[in-house]
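Notes follow the structure.
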Amino acid sequence: MSHTSTNNRFLSHVFDSIEDYAIFTTDPDGVVTMCNYGITRLLGYPKERFLGTNASMIFTPENRRDRVPESEMEAARSTGRAMDDRWHVRQDGSRIWVNGIMSDLRDDEGRLTGYVKVMRDRTEEHQTQMALRESEAKYRSLLDDVLDTSAVGVIILDAGFEVVWINLAIERYFGVSRERLLGRVKRELVETHLRYVVDEPADFGERLLAAYRSNSDEERFEVHVRGDDDGDGYWLEHRSRPIRSGPFAGGRIEQYYDITERKRSERALADARDALDSQVQERTADLLAVNAELESFNYSVSHDLRAPLRGLTGFSQILAEEYHSQLDENGRHYLKRVSGAAERMGELIDALLALSRVSRAELRIEDVDLSDLVERIAGALSVRDAGRSVEFVVEPGIAARGDERLLRVALENLLGNAWKFSSENPAGRIEFGVQRSGDGDVYFVRDNGAGFDMAYVDKLFTPFQRLHSPRDFAGTGIGLATVQRIVQRHGGKIWGEGEVGSGATIYFTLPGVQTTAARVSKRT
């Protein structure tokens, strides 16, 4: 047996022991001289059938037409090795994606004796890669379609801040084609292109560089684009954030939002504020003039009207004292009515002045213990009219932010009314408390006195509009109007509920009031 035959048997044994690879050798013309059983597993050819054939038959028709087998052998002969990844044809006509390496074989003198090729099946891996590429292509196409129809301008920069992707909105916003922007470094882009359309391009460039250097999640600023010569241009909001993963990690994604309408609205709002400020100034001047007139009126009421009233009261008193015996019963009655009318006029003047002071007084806001004020007013009422027994129910701990002087006046009027209108009830009861509601706390003063007809509730807080006859209950008709002015000056509301013969309740609000839920009962 020759040495060559022994070597061939050894090589065939080695070839057949390698199952994961198809291996074959050819002569210089490409005719198969040796192969392993991997040929059967990979290409479906029986080993005996494959021997003696030309290896070009495993190439696809298009590869044979393009003389790929010859080019592969030429590359192996010239460089010693040829590598390829391509489709090959199995015996049944199906195709398999193969990673192959062909090397030349030479004798001791360096003469070419043939070729050896090692092939491995990569079909599944290739199909996975192709599916992934197809998916990426579809995703990129979908992304392009979506972003190109988006009103938001998008620019993607790599780690060197070179523009690698851009959508159509950027073309619309800056009037520069994508072809001129792609591949440009952003700073260079700003200096060469965008400076012609962006106001303050140097500032724009510096802000972009500052955003690039920043590692924060998002950077924002606004930029004005000039637009056409006959237009006002438009405003864009620039947002930039870092790309932390993927092929462009270290770069940034920029987005440009059209905020022109928002800026116009802000301008319109600022103009409206300016106009409102101007109107407020005008109204303030008018109010100052009205206040000046009010001051003049108050002076006139306080001095010019009081002087004749004092004369009327004085002369009536002289008549009553010195000419009493000379007047008959009717004369004395009429004189008494004149004196009463003068006194009544004095009370009305005092009430009007008090209402005016309430409307004009400067507010001094502080913490006010309303419960304590009510307790003290109730005590004063009881001392003034010691012959009455009235039960006061006062909820403790009710505090408010407000003007203590005015709130005292309001509570004096409310409690005074409750005291007056409950005078005919031998078991008088006056209550002060708070009710919780979704819109804020509501405070009330309630009595079990004469009450009123709800048909006339709209007159309750109108000056000089009284719901009871002066013969039944004295008063000027100014008290509740005064309370309303005080509550309104504290930003609150006031209303009333009543029933004839069953008492009345006056409700009011004072924004910002803090209360406690405790309740005590006290009989005075």
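In the structure tokens, each chain is lettered A, B, ... as it comes, each chain's residues begin at 1, and ligands are numbered from 1 in order of appearance.
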Please list as a list in words every residue within 8 Å of Asn99 (chain A), counting only C-alpha atoms and excluding residues in the same chain fewer than 2 positions away.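 With the cut-off at 8 Å, the set is Met83, Asp84, Asp85, Arg86, Trp97, Ile101, Met119, Arg120, Asp121 and Arg122 of chain A.
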Using only C-alpha atoms: which of A:Asn413, A:Gln488, A:Asn36, A:Asn63 has the shortest distance to Phe50 (chain A):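 That would be A:Asn36, the residue with the smallest distance to Phe50 (chain A).
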Distance in Å - CA of His490 (chain A) versus CA of Phe444 (chain A): 15.7 Å
Go through region 353-459 of chain A and collect every residue that DSSP, computed from the backbone, puts in alpha helix (DSSP H); the answer should be as a ChimeraX atom specification. /A:353-360,370-384,404-421
